[in-house]
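Next up, target-v6.cif (mmCIF, C-alpha atoms):
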data_input
#
loop_
_atom_site.label_atom_id
_atom_site.label_comp_id
_atom_site.auth_asym_id
_atom_site.auth_seq_id
_atom_site.Cartn_x
_atom_site.Cartn_y
_atom_site.Cartn_z
CA MET A 164 -18.42 -29.68 -32.72
CA THR A 165 -17.44 -32.28 -30.11
CA MET A 166 -13.89 -32.86 -31.35
CA LEU A 167 -10.96 -30.60 -32.16
CA ASP A 168 -11.06 -29.17 -35.67
CA GLU A 169 -8.53 -30.18 -38.32
CA GLY A 170 -6.41 -27.06 -37.77
CA TRP A 171 -5.82 -27.93 -34.13
CA ILE A 172 -5.17 -31.57 -34.99
CA LEU A 173 -2.42 -30.57 -37.44
CA ASP A 174 -0.92 -28.05 -34.99
CA CYS A 175 -0.89 -30.65 -32.22
CA ALA A 176 0.72 -33.28 -34.45
CA SER A 177 3.41 -30.84 -35.61
CA GLY A 178 4.07 -29.44 -32.12
CA ALA A 179 2.95 -25.94 -33.14
CA ALA A 180 -0.03 -25.85 -30.74
CA PRO A 181 0.43 -24.61 -27.15
CA GLU A 182 1.29 -27.42 -24.76
CA ALA A 183 -2.07 -27.03 -23.01
CA VAL A 184 -3.91 -27.74 -26.27
CA ARG A 185 -1.65 -30.71 -27.03
CA VAL A 186 -2.42 -32.17 -23.61
CA LEU A 187 -6.15 -31.59 -24.15
CA ALA A 188 -5.96 -33.36 -27.52
CA ALA A 189 -4.06 -36.27 -25.96
CA CYS A 190 -6.67 -36.54 -23.19
CA GLN A 191 -9.52 -36.71 -25.69
CA GLY A 192 -7.60 -39.35 -27.62
CA VAL A 193 -7.35 -41.43 -24.42
CA MET A 194 -11.07 -41.01 -23.72
CA ARG A 195 -12.41 -41.50 -27.26
CA THR A 196 -11.13 -43.99 -29.82
CA ASP A 197 -12.74 -42.00 -32.66
CA ALA A 198 -10.71 -38.92 -31.66
CA ALA A 199 -7.52 -41.01 -31.57
CA ARG A 200 -8.26 -42.49 -35.02
CA ARG A 201 -8.96 -39.00 -36.41
CA ALA A 202 -5.61 -37.67 -35.19
CA ALA A 203 -3.55 -40.73 -36.19
CA PRO A 204 -2.88 -39.84 -39.88
CA ALA A 205 -1.47 -36.41 -39.00
CA GLU A 206 0.65 -37.86 -36.20
CA LEU A 207 2.02 -40.55 -38.52
CA ALA A 208 2.80 -38.00 -41.24
CA PHE A 209 4.69 -35.65 -38.96
CA GLY A 210 6.38 -38.61 -37.26
CA ALA A 211 7.69 -39.74 -40.64
CA LEU A 212 9.06 -36.24 -41.30
CA LEU A 213 10.90 -36.28 -37.98
CA GLU A 214 12.38 -39.71 -38.68
CA ALA A 215 13.78 -38.38 -41.96
CA LEU A 216 15.74 -35.68 -40.17
CA PRO A 217 19.34 -36.37 -39.09
CA GLY A 218 19.57 -37.55 -35.48
CA ALA A 219 21.05 -35.45 -32.68
CA PRO A 220 23.86 -36.94 -30.53
CA LEU A 221 22.88 -38.05 -27.01
CA GLY A 222 24.88 -37.38 -23.90
CA ALA A 223 26.85 -40.19 -22.31
CA ASP A 224 24.46 -40.29 -19.33
CA ALA A 225 21.21 -40.06 -21.36
CA LEU A 226 20.15 -43.67 -20.68
CA GLU A 227 20.95 -43.41 -16.97
CA ARG A 228 18.92 -40.20 -16.55
CA THR A 229 15.96 -41.70 -18.44
CA LEU A 230 15.95 -44.80 -16.23
CA GLU A 231 16.11 -42.63 -13.09
CA GLN A 232 13.07 -40.62 -14.23
CA LEU A 233 11.11 -43.80 -14.96
CA ALA A 234 12.03 -45.24 -11.56
CA SER A 235 10.93 -42.10 -9.71
CA ARG A 236 7.53 -42.21 -11.41
CA SER A 237 7.03 -45.93 -10.72
CA ASP A 238 7.75 -45.39 -7.01
CA ALA A 239 4.93 -42.86 -6.63
CA PRO A 240 1.40 -44.16 -6.02
CA PRO A 241 -0.84 -43.76 -9.07
CA HIS A 242 -2.68 -40.42 -9.15
CA ALA A 243 -1.03 -39.34 -5.88
CA ASN A 244 -2.56 -36.13 -4.52
CA SER A 245 -5.03 -36.06 -7.41
CA PRO A 246 -8.12 -33.86 -7.02
CA HIS A 247 -10.17 -36.76 -8.46
CA PRO A 248 -8.28 -40.10 -8.20
CA GLY A 249 -8.85 -42.30 -11.24
CA LEU A 250 -10.78 -39.60 -13.13
CA LEU A 251 -8.09 -37.58 -14.90
CA PRO A 252 -6.55 -39.00 -18.11
CA LEU A 253 -2.84 -39.79 -17.78
CA PRO A 254 -1.61 -36.79 -19.89
CA LEU A 255 -3.43 -34.46 -17.50
CA GLU A 256 -2.16 -36.26 -14.41
CA LEU A 257 1.40 -35.88 -15.69
CA ALA A 258 0.82 -32.15 -16.27
CA LEU A 259 -0.26 -31.80 -12.63
CA GLU A 260 2.78 -33.66 -11.26
CA GLY A 261 4.77 -31.50 -8.91
CA GLN A 262 2.04 -28.89 -8.46
CA ALA A 263 1.81 -28.35 -4.71
CA ASN A 264 -1.56 -26.59 -4.58
CA ARG A 265 -4.32 -28.71 -6.06
CA GLY A 266 -7.11 -27.39 -3.86
CA TRP A 267 -10.36 -26.25 -5.45
CA ARG A 268 -10.92 -22.48 -5.47
CA ARG A 269 -14.54 -21.36 -5.35
CA ARG A 270 -15.66 -18.94 -8.07
CA LEU A 271 -18.68 -16.77 -8.78
CA GLY A 272 -21.73 -18.84 -9.76
CA GLY A 273 -21.07 -21.78 -7.46
CA TYR A 274 -18.33 -23.54 -9.44
CA SER A 275 -14.72 -24.24 -8.39
CA GLU A 276 -11.44 -24.39 -10.27
CA ILE A 277 -7.84 -25.60 -10.04
CA PRO A 278 -5.33 -23.63 -12.17
CA ILE A 279 -2.83 -25.87 -13.98
CA HIS A 280 0.40 -23.92 -13.69
CA SER A 281 2.58 -26.12 -15.91
CA LEU A 282 0.25 -25.56 -18.90
CA SER A 283 -0.44 -21.86 -18.34
CA GLY A 284 1.64 -18.95 -19.60
CA ALA A 285 1.51 -15.88 -21.80
CA GLY A 286 -1.91 -15.81 -23.45
CA VAL A 287 -2.79 -19.34 -22.25
CA GLU A 288 -4.72 -20.33 -19.14
CA ALA A 289 -5.39 -23.97 -18.30
CA ARG A 290 -7.58 -25.12 -15.44
CA LEU A 291 -9.89 -27.79 -14.10
CA LEU A 292 -13.50 -26.81 -13.41
CA SER A 293 -15.89 -28.52 -11.01
CA ILE A 294 -19.54 -27.47 -11.44
CA PRO A 295 -22.35 -28.98 -9.29
CA PRO A 296 -25.64 -30.15 -10.86
CA GLY A 297 -27.86 -27.25 -11.84
CA LYS A 298 -25.04 -24.71 -11.51
CA GLY A 299 -22.96 -23.05 -14.18
CA ALA A 300 -20.39 -20.44 -15.10
CA PRO A 301 -21.64 -16.85 -15.55
CA GLN A 302 -22.51 -15.81 -19.09
CA HIS A 303 -19.35 -14.71 -20.87
CA ASP A 304 -17.68 -13.82 -24.15
CA HIS A 305 -14.13 -14.71 -25.19
CA ALA A 306 -11.06 -12.66 -26.03
CA GLY A 307 -9.66 -15.72 -27.82
CA GLU A 308 -10.53 -19.34 -28.47
CA GLU A 309 -11.65 -21.51 -25.55
CA LEU A 310 -11.52 -25.31 -25.54
CA THR A 311 -13.40 -27.30 -22.89
CA LEU A 312 -13.01 -31.08 -22.55
CA VAL A 313 -15.68 -32.78 -20.42
CA LEU A 314 -14.12 -35.36 -18.08
CA ARG A 315 -17.29 -36.25 -16.16
CA GLY A 316 -20.96 -35.28 -16.29
CA SER A 317 -22.41 -32.99 -18.95
CA PHE A 318 -23.45 -29.41 -19.60
CA HIS A 319 -25.46 -27.31 -22.06
CA ASP A 320 -24.22 -23.85 -23.04
CA GLY A 321 -27.33 -22.56 -24.82
CA ARG A 322 -26.04 -23.75 -28.20
CA ALA A 323 -25.41 -27.47 -27.76
CA ALA A 324 -24.99 -30.24 -25.17
CA PHE A 325 -21.61 -31.72 -24.27
CA GLY A 326 -20.92 -34.98 -22.41
CA ARG A 327 -17.93 -37.03 -21.32
CA GLY A 328 -15.15 -36.93 -23.94
CA ASP A 329 -16.66 -34.02 -25.88
CA VAL A 330 -14.83 -30.77 -26.60
CA CYS A 331 -16.77 -27.48 -26.60
CA SER A 332 -14.95 -24.95 -28.79
CA THR A 333 -15.77 -21.22 -28.71
CA SER A 334 -14.31 -18.18 -30.47
CA PRO A 335 -14.41 -14.41 -29.84
CA GLY A 336 -18.01 -13.25 -30.15
CA ASP A 337 -19.46 -16.58 -28.99
CA VAL A 338 -21.42 -15.58 -25.89
CA HIS A 339 -22.54 -18.59 -23.88
CA HIS A 340 -23.73 -19.62 -20.42
CA PRO A 341 -22.60 -23.19 -19.63
CA ARG A 342 -24.91 -24.95 -17.16
CA VAL A 343 -24.67 -28.52 -15.84
CA ASP A 344 -27.58 -30.70 -16.94
CA SER A 345 -26.34 -34.00 -15.47
CA ALA A 346 -27.23 -35.48 -12.08
CA GLU A 347 -23.55 -35.59 -11.13
CA THR A 348 -20.94 -32.86 -10.75
CA CYS A 349 -19.44 -31.90 -14.10
CA ILE A 350 -15.62 -31.88 -14.24
CA CYS A 351 -13.97 -30.14 -17.22
CA PHE A 352 -10.46 -29.39 -18.47
CA VAL A 353 -10.48 -25.88 -19.92
CA VAL A 354 -7.86 -24.13 -22.07
CA GLU A 355 -8.40 -20.40 -22.67
CA LEU A 356 -6.38 -18.59 -25.33
CA GLY A 357 -6.86 -14.92 -24.49
CA GLY A 358 -9.18 -15.10 -21.48
CA VAL A 359 -12.90 -14.58 -20.97
CA ARG A 360 -15.07 -11.50 -20.53
CA LEU A 361 -18.05 -11.72 -18.17
CA THR A 362 -21.01 -9.97 -19.78
CA ASN A 363 -22.42 -8.76 -16.44
CA PRO A 364 -20.22 -5.83 -15.23
CA VAL A 365 -21.11 -6.45 -11.56
CA TYR A 366 -20.09 -10.12 -11.80
CA ALA A 367 -16.93 -9.11 -13.68
CA GLY A 368 -15.89 -6.72 -10.88
CA ILE A 369 -16.57 -9.28 -8.14
CA ASP A 370 -14.67 -11.98 -10.00
CA ARG A 371 -11.62 -9.74 -10.50
CA LEU A 372 -11.65 -8.86 -6.79
CA ASN A 373 -11.88 -12.54 -5.77
CA ARG A 374 -8.94 -13.46 -7.98
CA LEU A 375 -6.82 -10.61 -6.60
CA VAL A 376 -7.57 -11.65 -3.00
CA GLN A 377 -6.65 -15.29 -3.70
CA ARG A 378 -3.28 -14.23 -5.13
CA LEU A 379 -2.32 -12.45 -1.87
#
Will you turn the file into structure tokens for me?
Amino acid sequence: MTMLDEGWILDCASGAAPEAVRVLAACQGVMRTDAARRAAPAELAFGALLEALPGAPLGADALERTLEQLASRSDAPPHANSPHPGLLPLPLELALEGQANRGWRRRLGGYSEIPIHSLSGAGVEARLLSIPPGKGAPQHDHAGEELTLVLRGSFHDGRAAFGRGDVCSTSPGDVHHPRVDSAETCICFVVELGGVRLTNPVYAGIDRLNRLVQRL
């Protein structure tokens, strides 16, 4: 499947999905009109339910604070300090705002990543992946669902091929070995719900050690 399933679409529209998944869904909607059209009925339905609820009173300075926030964003250059200027969809750029460390961290297998702190938390890990042509992530299983949105390039994971705007969805028990099959570096936005398990115990030990060292 190259788009989010109906369960995720409903959870995103209702606000029940983790913020990282909602941002991923919004990014795919920006990149693909068919994804936006598919999500529109659920968003309209839940929007109508919200409009039917009684309104909450606003503070006296609500308008002033909103205008100040808009002004501060308009003063900043577009995609300032972005790891890939002009590449990331706006919802993802906004999620990265204020994150000081946007440097790529090299991982086992020749790929690099940038953790997205504002979208990560208990049981949720969000990150950008950069994988050169011909390289890939080590073969792994999943402790929970994993959603991967391709922002640039393409990869094949042994089950199917995924290109720009596609979402690769995996569940516990789905062992795969993503490998870039495009001539350009593949950039992905990944949301992991429960983490991954490298199938090679040697690679798993090295990867854990690398992550511990980088936290020091």
*asked:* Could you list, as number ranges by chain, every residue within 12 Å of region 249-252 of chain A, counting only C-alpha atoms and ignoring same-chain residues fewer than 6 positions away?
replied: A: 186-195, 240-243, 258-259, 291, 312-316, 327-328, 349-352
*A:Ser317, A:Gly222, A:Ala183, A:Pro301 ranked by distance to Pro278 (chain A), top pick (using all atoms listed in the file)*: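 Ranked by minimum distance to Pro278 (chain A), first place goes to A:Ala183.
Note that the spacing between CA of Gln262 (chain A) and CA of Glu182 (chain A) amounts to 16.4 Å.
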*Any chance you could work out the residue set of the PyMOL selection byres ((chain A and resi 289) around 9) here, as a VMD selection string?*
chain A and resid 183 to 184 277 to 284 287 to 288 290 to 291 352 to 356
*Can you work out the spacing between CA of Leu167 (chain A) and CA of Pro295 (chain A) in Å, to one decimal?*
25.6 Å
*Give me, please, the distance in Å between CA of Ala208 (chain A) and CA of Met166 (chain A), quoted to one decimal.*
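Calculated distance between CA of Ala208 (chain A) and CA of Met166 (chain A) is 20.1 Å.
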